[in-house]
6 protein chains.
Amino acid sequence: MEISARNKMKGKVTSVSKGAVNAEVTIQLPGGDEIVSIVTNSSVEKLKIEVGKEAYAIVKASNVMLGVD
Amino acid sequence: MEISARNKMKGKVTSVSKGAVNAEVTIQLPGGDEIVSIVTNSSVEKLKIEVGKEAYAIVKASNVMLGVD
Amino acid sequence: MEISARNKMKGKVTSVSKGAVNAEVTIQLPGGDEIVSIVTNSSVEKLKIEVGKEAYAIVKASNVMLGVD
Amino acid sequence: MEISARNKMKGKVTSVSKGAVNAEVTIQLPGGDEIVSIVTNSSVEKLKIEVGKEAYAIVKASNVMLGVD
Amino acid sequence: MEISARNKMKGKVTSVSKGAVNAEVTIQLPGGDEIVSIVTNSSVEKLKIEVGKEAYAIVKASNVMLGVD
Amino acid sequence: MEISARNKMKGKVTSVSKGAVNAEVTIQLPGGDEIVSIVTNSSVEKLKIEVGKEAYAIVKASNVMLGVD
């Protein structure tokens, strides 16, 4: 499926930490930036997210804020 | 101010496109990835967002989804 | 790509209304419910969203609230 | 109270799974689609959400993405 | 309808600015804080939002970030 | 850093409740309103959020809904 979310960044999963309902997953981008995601445990299992695997961090543009120094 | 949002990625503004209420702003990360953000025009003005300026794309972890090929 | 968003509901596009930056798109589900989405105009074009076409409404579980009468 | 969220879909609660802070609640729509929601445990208690009860899944339009096959 | 969103703050509408698709609405709380909301024009019309009218700003807890000086 | 989020409300932390991945934090505004936030435990630790401390509740305008009685 192709989705409307404007931001899809490919990287490698570097950590998966599961709680009771949600899990915290970290993805490292090629440039070195790390992106942290909170998804449900069910999604981690459904997508077979594991450390070392390639995955995309996906963000809808309206959920991106801006900051300046 | 230091904020709780886990994802803050520094890059350079490559486009600003204003509508009546919202604006679409694109930031290019050092690794080449581009991040698109929708913020209000007021925010673009308040932060003086302009093409060529450095800025951060900021995303709360609960707004990051995952995808796999 | 397979994505983590838990909610993917297939329906038919019944309206597309474009603004300067964002567009409002309505999808009718087989059960009759209508779902309204705000996405960028670029996404409408990229996905070739048009009235009459089949499309999915996709929602991350953490963005679904509950209500009771 | 009447709220601005454009999407309100009525269904029946089919599962409630509580964690330490958040709970995962599934609602089945009349057409058969299931919608998964993550809300706080406090909200589950405040609204007396239970399996078999009728409830609405509520989503702000800006949180709905689109997908095409 | 009673909804799960944990944050409902009552105030008075102090401005309504409509675009092509979305509108920006400002609500002033009794303590003086102002809250800015982006909703669709359709919602402004459906709820008859007007300057001077009382309204609630409603926010799901997972959409609230924290900051410290 | 200065951020684009339009809503920044200063108050005092009145409760912090940690789960396995996420924490629920309550902030009381000067006017008496309480704002509940769900952030990751890591953010609570990074910002040293504690009961009695001053903190800001920060919300992107597109995440604010409206309601009327």
# chains A, B, ... in the order shown; residues from 1 in each chain; ligands from 1
call {"tool": "residues_around", "arguments": {"residues": "Pro30 of chain A", "least_positions_apart": "6", "cutoff": "12 Å", "atoms": "only C-alpha atoms", "output": "PyMOL selection string"}}
result
(chain A and resi 9-13+54-56) or (chain B and resi 29-33)
call {"tool": "calpha_fit_and_write", "arguments": {"fixed": "chain C", "moving": "chain F", "output": "mmCIF file with N, CA, C and O atoms, in the first residue's frame"}}
result
data_model
loop_
_atom_site.group_PDB
_atom_site.id
_atom_site.type_symbol
_atom_site.label_atom_id
_atom_site.label_comp_id
_atom_site.auth_asym_id
_atom_site.auth_seq_id
_atom_site.Cartn_x
_atom_site.Cartn_y
_atom_site.Cartn_z
ATOM 1 N N MET F 1 4.622 -1.338 1.135
ATOM 2 C CA MET F 1 5.092 -1.249 2.523
ATOM 3 C C MET F 1 3.961 -1.604 3.495
ATOM 4 O O MET F 1 2.822 -1.227 3.272
ATOM 5 N N GLU F 2 4.314 -2.316 4.547
ATOM 6 C CA GLU F 2 3.337 -2.635 5.586
ATOM 7 C C GLU F 2 3.590 -1.667 6.749
ATOM 8 O O GLU F 2 4.729 -1.470 7.154
ATOM 9 N N ILE F 3 2.543 -1.019 7.258
ATOM 10 C CA ILE F 3 2.761 -0.021 8.304
ATOM 11 C C ILE F 3 2.106 -0.416 9.621
ATOM 12 O O ILE F 3 1.185 -1.221 9.671
ATOM 13 N N SER F 4 2.625 0.206 10.695
ATOM 14 C CA SER F 4 2.179 -0.143 12.046
ATOM 15 C C SER F 4 0.796 0.388 12.398
ATOM 16 O O SER F 4 0.175 -0.118 13.328
ATOM 17 N N ALA F 5 0.304 1.389 11.678
ATOM 18 C CA ALA F 5 -0.995 1.967 12.046
ATOM 19 C C ALA F 5 -2.042 0.861 12.126
ATOM 20 O O ALA F 5 -2.207 0.086 11.184
ATOM 21 N N ARG F 6 -2.730 0.794 13.275
ATOM 22 C CA ARG F 6 -3.637 -0.334 13.502
ATOM 23 C C ARG F 6 -4.941 -0.248 12.715
ATOM 24 O O ARG F 6 -5.636 -1.254 12.552
ATOM 25 N N ASN F 7 -5.311 0.952 12.305
ATOM 26 C CA ASN F 7 -6.621 1.131 11.685
ATOM 27 C C ASN F 7 -6.499 1.492 10.204
ATOM 28 O O ASN F 7 -5.958 2.530 9.850
ATOM 29 N N LYS F 8 -6.974 0.587 9.374
ATOM 30 C CA LYS F 8 -6.955 0.799 7.913
ATOM 31 C C LYS F 8 -8.329 0.384 7.404
ATOM 32 O O LYS F 8 -8.665 -0.787 7.407
ATOM 33 N N MET F 9 -9.125 1.376 6.997
ATOM 34 C CA MET F 9 -10.499 1.088 6.580
ATOM 35 C C MET F 9 -10.679 1.426 5.116
ATOM 36 O O MET F 9 -10.478 2.554 4.701
ATOM 37 N N LYS F 10 -11.076 0.423 4.351
ATOM 38 C CA LYS F 10 -11.202 0.598 2.906
ATOM 39 C C LYS F 10 -12.569 1.160 2.548
ATOM 40 O O LYS F 10 -13.587 0.735 3.095
ATOM 41 N N GLY F 11 -12.574 2.117 1.617
ATOM 42 C CA GLY F 11 -13.837 2.690 1.173
ATOM 43 C C GLY F 11 -13.665 3.338 -0.175
ATOM 44 O O GLY F 11 -12.709 3.059 -0.889
ATOM 45 N N LYS F 12 -14.632 4.217 -0.501
ATOM 46 C CA LYS F 12 -14.612 4.875 -1.806
ATOM 47 C C LYS F 12 -14.584 6.375 -1.588
ATOM 48 O O LYS F 12 -15.322 6.914 -0.753
ATOM 49 N N VAL F 13 -13.730 7.078 -2.330
ATOM 50 C CA VAL F 13 -13.625 8.535 -2.197
ATOM 51 C C VAL F 13 -14.911 9.178 -2.714
ATOM 52 O O VAL F 13 -15.335 8.919 -3.849
ATOM 53 N N THR F 14 -15.541 10.020 -1.874
ATOM 54 C CA THR F 14 -16.784 10.684 -2.297
ATOM 55 C C THR F 14 -16.625 12.184 -2.475
ATOM 56 O O THR F 14 -17.487 12.826 -3.064
ATOM 57 N N SER F 15 -15.543 12.765 -1.942
ATOM 58 C CA SER F 15 -15.301 14.181 -2.241
ATOM 59 C C SER F 15 -13.847 14.533 -1.986
ATOM 60 O O SER F 15 -13.182 13.960 -1.116
ATOM 61 N N VAL F 16 -13.349 15.485 -2.785
ATOM 62 C CA VAL F 16 -11.996 16.016 -2.645
ATOM 63 C C VAL F 16 -12.104 17.524 -2.772
ATOM 64 O O VAL F 16 -12.595 18.024 -3.778
ATOM 65 N N SER F 17 -11.678 18.238 -1.741
ATOM 66 C CA SER F 17 -11.774 19.704 -1.773
ATOM 67 C C SER F 17 -10.409 20.288 -1.423
ATOM 68 O O SER F 17 -9.942 20.155 -0.302
ATOM 69 N N LYS F 18 -9.782 20.917 -2.416
ATOM 70 C CA LYS F 18 -8.422 21.406 -2.209
ATOM 71 C C LYS F 18 -8.388 22.861 -1.750
ATOM 72 O O LYS F 18 -9.136 23.696 -2.250
ATOM 73 N N GLY F 19 -7.492 23.148 -0.815
ATOM 74 C CA GLY F 19 -7.200 24.514 -0.415
ATOM 75 C C GLY F 19 -5.837 24.899 -0.964
ATOM 76 O O GLY F 19 -5.390 24.343 -1.968
ATOM 77 N N ALA F 20 -5.179 25.840 -0.298
ATOM 78 C CA ALA F 20 -3.878 26.305 -0.773
ATOM 79 C C ALA F 20 -2.778 25.307 -0.427
ATOM 80 O O ALA F 20 -1.855 25.087 -1.204
ATOM 81 N N VAL F 21 -2.890 24.679 0.753
ATOM 82 C CA VAL F 21 -1.855 23.758 1.227
ATOM 83 C C VAL F 21 -2.450 22.380 1.503
ATOM 84 O O VAL F 21 -1.897 21.363 1.119
ATOM 85 N N ASN F 22 -3.608 22.372 2.153
ATOM 86 C CA ASN F 22 -4.243 21.118 2.540
ATOM 87 C C ASN F 22 -5.490 20.838 1.711
ATOM 88 O O ASN F 22 -6.079 21.746 1.130
ATOM 89 N N ALA F 23 -5.880 19.575 1.710
ATOM 90 C CA ALA F 23 -7.115 19.170 1.042
ATOM 91 C C ALA F 23 -7.955 18.360 2.013
ATOM 92 O O ALA F 23 -7.425 17.714 2.915
ATOM 93 N N GLU F 24 -9.265 18.441 1.838
ATOM 94 C CA GLU F 24 -10.184 17.641 2.653
ATOM 95 C C GLU F 24 -10.749 16.543 1.770
ATOM 96 O O GLU F 24 -11.323 16.824 0.720
ATOM 97 N N VAL F 25 -10.581 15.303 2.198
ATOM 98 C CA VAL F 25 -11.004 14.147 1.400
ATOM 99 C C VAL F 25 -11.975 13.321 2.223
ATOM 100 O O VAL F 25 -11.718 13.030 3.390
ATOM 101 N N THR F 26 -13.098 12.944 1.620
ATOM 102 C CA THR F 26 -14.085 12.117 2.314
ATOM 103 C C THR F 26 -14.125 10.723 1.692
ATOM 104 O O THR F 26 -14.149 10.586 0.469
ATOM 105 N N ILE F 27 -14.118 9.726 2.569
ATOM 106 C CA ILE F 27 -14.176 8.330 2.139
ATOM 107 C C ILE F 27 -15.400 7.681 2.760
ATOM 108 O O ILE F 27 -15.648 7.841 3.957
ATOM 109 N N GLN F 28 -16.183 6.973 1.937
ATOM 110 C CA GLN F 28 -17.353 6.274 2.472
ATOM 111 C C GLN F 28 -17.037 4.789 2.647
ATOM 112 O O GLN F 28 -16.596 4.125 1.706
ATOM 113 N N LEU F 29 -17.271 4.307 3.870
ATOM 114 C CA LEU F 29 -17.030 2.890 4.151
ATOM 115 C C LEU F 29 -18.222 2.061 3.677
ATOM 116 O O LEU F 29 -19.330 2.587 3.514
ATOM 117 N N PRO F 30 -18.000 0.756 3.481
ATOM 118 C CA PRO F 30 -19.096 -0.117 3.031
ATOM 119 C C PRO F 30 -20.318 -0.029 3.953
ATOM 120 O O PRO F 30 -21.453 -0.035 3.502
ATOM 121 N N GLY F 31 -20.106 0.097 5.250
ATOM 122 C CA GLY F 31 -21.225 0.165 6.195
ATOM 123 C C GLY F 31 -21.978 1.484 6.159
ATOM 124 O O GLY F 31 -22.988 1.650 6.838
ATOM 125 N N GLY F 32 -21.482 2.465 5.372
ATOM 126 C CA GLY F 32 -22.182 3.738 5.239
ATOM 127 C C GLY F 32 -21.481 4.881 5.970
ATOM 128 O O GLY F 32 -21.666 6.044 5.635
ATOM 129 N N ASP F 33 -20.673 4.546 7.009
ATOM 130 C CA ASP F 33 -19.923 5.598 7.718
ATOM 131 C C ASP F 33 -19.043 6.381 6.747
ATOM 132 O O ASP F 33 -18.454 5.811 5.828
ATOM 133 N N GLU F 34 -18.954 7.708 6.977
ATOM 134 C CA GLU F 34 -18.044 8.527 6.187
ATOM 135 C C GLU F 34 -16.875 8.975 7.060
ATOM 136 O O GLU F 34 -17.062 9.349 8.221
ATOM 137 N N ILE F 35 -15.676 8.947 6.503
ATOM 138 C CA ILE F 35 -14.484 9.375 7.223
ATOM 139 C C ILE F 35 -13.864 10.554 6.483
ATOM 140 O O ILE F 35 -13.660 10.494 5.273
ATOM 141 N N VAL F 36 -13.619 11.639 7.231
ATOM 142 C CA VAL F 36 -13.038 12.841 6.639
ATOM 143 C C VAL F 36 -11.553 12.914 7.001
ATOM 144 O O VAL F 36 -11.180 12.695 8.155
ATOM 145 N N SER F 37 -10.733 13.232 6.022
ATOM 146 C CA SER F 37 -9.282 13.304 6.201
ATOM 147 C C SER F 37 -8.751 14.640 5.698
ATOM 148 O O SER F 37 -9.221 15.159 4.689
ATOM 149 N N ILE F 38 -7.780 15.185 6.436
ATOM 150 C CA ILE F 38 -7.053 16.363 5.949
ATOM 151 C C ILE F 38 -5.631 15.925 5.633
ATOM 152 O O ILE F 38 -4.902 15.473 6.527
ATOM 153 N N VAL F 39 -5.264 16.019 4.375
ATOM 154 C CA VAL F 39 -3.902 15.687 3.963
ATOM 155 C C VAL F 39 -3.389 16.843 3.096
ATOM 156 O O VAL F 39 -4.144 17.731 2.725
ATOM 157 N N THR F 40 -2.105 16.840 2.761
ATOM 158 C CA THR F 40 -1.611 17.912 1.891
ATOM 159 C C THR F 40 -2.071 17.679 0.446
ATOM 160 O O THR F 40 -2.312 16.547 0.030
ATOM 161 N N ASN F 41 -2.150 18.776 -0.295
ATOM 162 C CA ASN F 41 -2.474 18.666 -1.723
ATOM 163 C C ASN F 41 -1.478 17.757 -2.434
ATOM 164 O O ASN F 41 -1.858 16.989 -3.323
ATOM 165 N N SER F 42 -0.227 17.841 -2.028
ATOM 166 C CA SER F 42 0.804 17.008 -2.664
ATOM 167 C C SER F 42 0.482 15.530 -2.525
ATOM 168 O O SER F 42 0.693 14.753 -3.452
ATOM 169 N N SER F 43 -0.057 15.149 -1.358
ATOM 170 C CA SER F 43 -0.410 13.745 -1.166
ATOM 171 C C SER F 43 -1.585 13.338 -2.050
ATOM 172 O O SER F 43 -1.621 12.225 -2.579
ATOM 173 N N VAL F 44 -2.553 14.237 -2.198
ATOM 174 C CA VAL F 44 -3.697 13.936 -3.070
ATOM 175 C C VAL F 44 -3.197 13.664 -4.485
ATOM 176 O O VAL F 44 -3.636 12.714 -5.156
ATOM 177 N N GLU F 45 -2.237 14.484 -4.917
ATOM 178 C CA GLU F 45 -1.713 14.318 -6.274
ATOM 179 C C GLU F 45 -0.841 13.063 -6.388
ATOM 180 O O GLU F 45 -0.971 12.294 -7.330
ATOM 181 N N LYS F 46 0.012 12.860 -5.386
ATOM 182 C CA LYS F 46 0.935 11.720 -5.430
ATOM 183 C C LYS F 46 0.171 10.393 -5.464
ATOM 184 O O LYS F 46 0.540 9.463 -6.174
ATOM 185 N N LEU F 47 -0.924 10.314 -4.688
ATOM 186 C CA LEU F 47 -1.706 9.067 -4.632
ATOM 187 C C LEU F 47 -2.818 9.031 -5.679
ATOM 188 O O LEU F 47 -3.573 8.073 -5.748
ATOM 189 N N LYS F 48 -2.945 10.104 -6.453
ATOM 190 C CA LYS F 48 -3.997 10.199 -7.490
ATOM 191 C C LYS F 48 -5.382 9.942 -6.883
ATOM 192 O O LYS F 48 -6.182 9.162 -7.412
ATOM 193 N N ILE F 49 -5.633 10.614 -5.749
ATOM 194 C CA ILE F 49 -6.929 10.494 -5.075
ATOM 195 C C ILE F 49 -7.993 11.236 -5.892
ATOM 196 O O ILE F 49 -7.824 12.412 -6.199
ATOM 197 N N GLU F 50 -9.051 10.530 -6.263
ATOM 198 C CA GLU F 50 -10.132 11.144 -7.050
ATOM 199 C C GLU F 50 -11.465 10.561 -6.606
ATOM 200 O O GLU F 50 -11.525 9.417 -6.168
ATOM 201 N N VAL F 51 -12.530 11.336 -6.800
ATOM 202 C CA VAL F 51 -13.870 10.850 -6.470
ATOM 203 C C VAL F 51 -14.133 9.557 -7.232
ATOM 204 O O VAL F 51 -13.864 9.469 -8.429
ATOM 205 N N GLY F 52 -14.637 8.567 -6.511
ATOM 206 C CA GLY F 52 -14.986 7.296 -7.127
ATOM 207 C C GLY F 52 -13.913 6.225 -6.964
ATOM 208 O O GLY F 52 -14.187 5.030 -7.088
ATOM 209 N N LYS F 53 -12.704 6.667 -6.643
ATOM 210 C CA LYS F 53 -11.590 5.723 -6.501
ATOM 211 C C LYS F 53 -11.635 5.030 -5.129
ATOM 212 O O LYS F 53 -12.110 5.607 -4.155
ATOM 213 N N GLU F 54 -11.124 3.822 -5.058
ATOM 214 C CA GLU F 54 -11.022 3.155 -3.757
ATOM 215 C C GLU F 54 -9.794 3.659 -3.007
ATOM 216 O O GLU F 54 -8.745 3.897 -3.615
ATOM 217 N N ALA F 55 -9.942 3.810 -1.702
ATOM 218 C CA ALA F 55 -8.814 4.275 -0.885
ATOM 219 C C ALA F 55 -9.010 3.798 0.547
ATOM 220 O O ALA F 55 -10.116 3.407 0.946
ATOM 221 N N TYR F 56 -7.924 3.830 1.316
ATOM 222 C CA TYR F 56 -7.976 3.466 2.730
ATOM 223 C C TYR F 56 -7.887 4.734 3.587
ATOM 224 O O TYR F 56 -7.097 5.638 3.285
ATOM 225 N N ALA F 57 -8.670 4.774 4.648
ATOM 226 C CA ALA F 57 -8.480 5.762 5.706
ATOM 227 C C ALA F 57 -7.615 5.069 6.755
ATOM 228 O O ALA F 57 -7.943 3.963 7.199
ATOM 229 N N ILE F 58 -6.499 5.690 7.128
ATOM 230 C CA ILE F 58 -5.522 5.060 8.018
ATOM 231 C C ILE F 58 -5.333 5.925 9.263
ATOM 232 O O ILE F 58 -5.105 7.123 9.159
ATOM 233 N N VAL F 59 -5.451 5.297 10.445
ATOM 234 C CA VAL F 59 -5.359 6.061 11.687
ATOM 235 C C VAL F 59 -4.523 5.289 12.713
ATOM 236 O O VAL F 59 -4.789 4.124 12.992
ATOM 237 N N LYS F 60 -3.522 5.963 13.279
ATOM 238 C CA LYS F 60 -2.724 5.383 14.364
ATOM 239 C C LYS F 60 -3.626 5.251 15.600
ATOM 240 O O LYS F 60 -4.389 6.169 15.926
ATOM 241 N N ALA F 61 -3.507 4.126 16.305
ATOM 242 C CA ALA F 61 -4.413 3.863 17.432
ATOM 243 C C ALA F 61 -4.359 4.952 18.506
ATOM 244 O O ALA F 61 -5.375 5.278 19.124
ATOM 245 N N SER F 62 -3.186 5.558 18.700
ATOM 246 C CA SER F 62 -3.091 6.586 19.746
ATOM 247 C C SER F 62 -3.825 7.868 19.364
ATOM 248 O O SER F 62 -3.975 8.768 20.189
ATOM 249 N N ASN F 63 -4.302 7.953 18.122
ATOM 250 C CA ASN F 63 -5.087 9.113 17.700
ATOM 251 C C ASN F 63 -6.588 8.859 17.721
ATOM 252 O O ASN F 63 -7.371 9.676 17.237
ATOM 253 N N VAL F 64 -6.997 7.714 18.248
ATOM 254 C CA VAL F 64 -8.431 7.399 18.342
ATOM 255 C C VAL F 64 -8.900 7.642 19.776
ATOM 256 O O VAL F 64 -8.371 7.058 20.715
ATOM 257 N N MET F 65 -9.870 8.535 19.921
ATOM 258 C CA MET F 65 -10.490 8.768 21.231
ATOM 259 C C MET F 65 -11.774 7.938 21.332
ATOM 260 O O MET F 65 -12.242 7.390 20.341
ATOM 261 N N LEU F 66 -12.294 7.870 22.533
ATOM 262 C CA LEU F 66 -13.548 7.145 22.737
ATOM 263 C C LEU F 66 -14.621 8.100 23.247
ATOM 264 O O LEU F 66 -14.317 9.101 23.900
ATOM 265 N N GLY F 67 -15.869 7.781 22.954
ATOM 266 C CA GLY F 67 -16.984 8.558 23.477
ATOM 267 C C GLY F 67 -18.130 7.642 23.854
ATOM 268 O O GLY F 67 -18.261 6.548 23.298
ATOM 269 N N VAL F 68 -18.913 8.066 24.821
ATOM 270 C CA VAL F 68 -20.127 7.306 25.168
ATOM 271 C C VAL F 68 -21.284 8.294 25.309
ATOM 272 O O VAL F 68 -21.093 9.455 25.652
ATOM 273 N N ASP F 69 -22.479 7.794 25.007
ATOM 274 C CA ASP F 69 -23.669 8.664 25.110
ATOM 275 C C ASP F 69 -24.023 8.934 26.565
ATOM 276 O O ASP F 69 -23.810 8.064 27.426
#
call {"tool": "select_by_dssp", "arguments": {"residues": "chain F", "states": "strand (DSSP E or B)", "output": "ChimeraX atom specification"}}
result
/F:2-3,7-18,22-28,34-40,54-59,65-68
call {"tool": "write_last_selection", "arguments": {"atoms": "C-alpha atoms", "output": "PDB file, in the first residue's frame"}}
result
ATOM      1  CA  GLU F   2      12.168  28.204  20.262  1.00  0.00           C
ATOM      2  CA  ILE F   3       9.471  25.906  18.850  1.00  0.00           C
ATOM      3  CA  ASN F   7       0.295  26.543  22.873  1.00  0.00           C
ATOM      4  CA  LYS F   8       2.688  26.676  25.823  1.00  0.00           C
ATOM      5  CA  MET F   9       1.028  26.889  29.232  1.00  0.00           C
ATOM      6  CA  LYS F  10       3.118  27.244  32.353  1.00  0.00           C
ATOM      7  CA  GLY F  11       2.080  25.506  35.550  1.00  0.00           C
ATOM      8  CA  LYS F  12       3.202  23.287  38.391  1.00  0.00           C
ATOM      9  CA  VAL F  13       3.567  19.496  38.241  1.00  0.00           C
ATOM     10  CA  THR F  14       1.033  17.896  40.613  1.00  0.00           C
ATOM     11  CA  SER F  15       1.473  14.213  39.789  1.00  0.00           C
ATOM     12  CA  VAL F  16       3.797  11.836  37.946  1.00  0.00           C
ATOM     13  CA  SER F  17       2.751   8.227  37.402  1.00  0.00           C
ATOM     14  CA  LYS F  18       5.153   5.971  35.542  1.00  0.00           C
ATOM     15  CA  ASN F  22       4.932   5.879  29.214  1.00  0.00           C
ATOM     16  CA  ALA F  23       4.233   8.170  32.138  1.00  0.00           C
ATOM     17  CA  GLU F  24       1.201  10.287  32.961  1.00  0.00           C
ATOM     18  CA  VAL F  25       2.049  13.779  34.203  1.00  0.00           C
ATOM     19  CA  THR F  26      -0.432  16.345  35.509  1.00  0.00           C
ATOM     20  CA  ILE F  27       0.248  20.076  35.450  1.00  0.00           C
ATOM     21  CA  GLN F  28      -1.901  22.644  37.242  1.00  0.00           C
ATOM     22  CA  GLU F  34      -5.301  20.787  35.159  1.00  0.00           C
ATOM     23  CA  ILE F  35      -3.615  19.433  32.030  1.00  0.00           C
ATOM     24  CA  VAL F  36      -2.760  15.745  31.694  1.00  0.00           C
ATOM     25  CA  SER F  37       0.136  14.641  29.479  1.00  0.00           C
ATOM     26  CA  ILE F  38       1.389  11.247  28.341  1.00  0.00           C
ATOM     27  CA  VAL F  39       5.100  11.261  27.590  1.00  0.00           C
ATOM     28  CA  THR F  40       7.777   8.556  27.678  1.00  0.00           C
ATOM     29  CA  GLU F  54       7.373  24.259  37.246  1.00  0.00           C
ATOM     30  CA  ALA F  55       6.798  22.981  33.722  1.00  0.00           C
ATOM     31  CA  TYR F  56       5.060  23.878  30.467  1.00  0.00           C
ATOM     32  CA  ALA F  57       2.290  21.899  28.796  1.00  0.00           C
ATOM     33  CA  ILE F  58       2.932  22.253  25.048  1.00  0.00           C
ATOM     34  CA  VAL F  59       0.377  21.484  22.333  1.00  0.00           C
ATOM     35  CA  MET F  65     -10.238  20.296  19.071  1.00  0.00           C
ATOM     36  CA  LEU F  66     -13.175  22.498  19.957  1.00  0.00           C
ATOM     37  CA  GLY F  67     -16.359  21.723  21.857  1.00  0.00           C
ATOM     38  CA  VAL F  68     -19.543  23.585  22.691  1.00  0.00           C
TER      39      VAL F  68
END
call {"tool": "select_by_dssp", "arguments": {"residues": "chain D", "states": "alpha helix (DSSP H)", "output": "ChimeraX atom specification"}}
result
/D:41-46
call {"tool": "write_last_selection", "arguments": {"atoms": "all heavy atoms", "output": "short mmCIF file (atom, residue, chain, number, x, y, z; two decimals), in the first residue's frame"}}
result
data_model
loop_
_atom_site.label_atom_id
_atom_site.label_comp_id
_atom_site.auth_asym_id
_atom_site.auth_seq_id
_atom_site.Cartn_x
_atom_site.Cartn_y
_atom_site.Cartn_z
N ASN D 41 -5.89 4.59 31.12
CA ASN D 41 -6.75 3.77 31.98
C ASN D 41 -7.81 4.62 32.67
O ASN D 41 -8.95 4.19 32.83
CB ASN D 41 -5.90 3.09 33.07
CG ASN D 41 -5.03 1.99 32.52
OD1 ASN D 41 -5.29 1.45 31.45
ND2 ASN D 41 -3.98 1.65 33.26
N SER D 42 -7.43 5.82 33.04
CA SER D 42 -8.38 6.72 33.72
C SER D 42 -9.59 6.99 32.84
O SER D 42 -10.71 7.06 33.33
CB SER D 42 -7.71 8.06 34.04
OG SER D 42 -6.62 7.87 34.90
N SER D 43 -9.37 7.13 31.53
CA SER D 43 -10.49 7.37 30.63
C SER D 43 -11.39 6.14 30.52
O SER D 43 -12.61 6.26 30.45
CB SER D 43 -9.99 7.76 29.24
OG SER D 43 -9.46 9.06 29.26
N VAL D 44 -10.78 4.96 30.51
CA VAL D 44 -11.58 3.73 30.45
C VAL D 44 -12.50 3.67 31.67
O VAL D 44 -13.69 3.34 31.57
CB VAL D 44 -10.66 2.49 30.40
CG1 VAL D 44 -11.46 1.21 30.63
CG2 VAL D 44 -9.94 2.43 29.06
N GLU D 45 -11.94 4.04 32.81
CA GLU D 45 -12.74 4.00 34.05
C GLU D 45 -13.80 5.10 34.08
O GLU D 45 -14.95 4.87 34.41
CB GLU D 45 -11.81 4.10 35.26
CG GLU D 45 -11.04 2.80 35.47
CD GLU D 45 -9.69 3.00 36.17
OE1 GLU D 45 -9.51 4.04 36.83
OE2 GLU D 45 -8.81 2.11 36.01
N LYS D 46 -13.39 6.30 33.68
CA LYS D 46 -14.30 7.45 33.73
C LYS D 46 -15.52 7.22 32.82
O LYS D 46 -16.65 7.54 33.19
CB LYS D 46 -13.54 8.70 33.27
CG LYS D 46 -14.27 10.01 33.47
CD LYS D 46 -13.49 11.19 32.84
CE LYS D 46 -13.27 10.98 31.35
NZ LYS D 46 -12.69 12.14 30.64
#
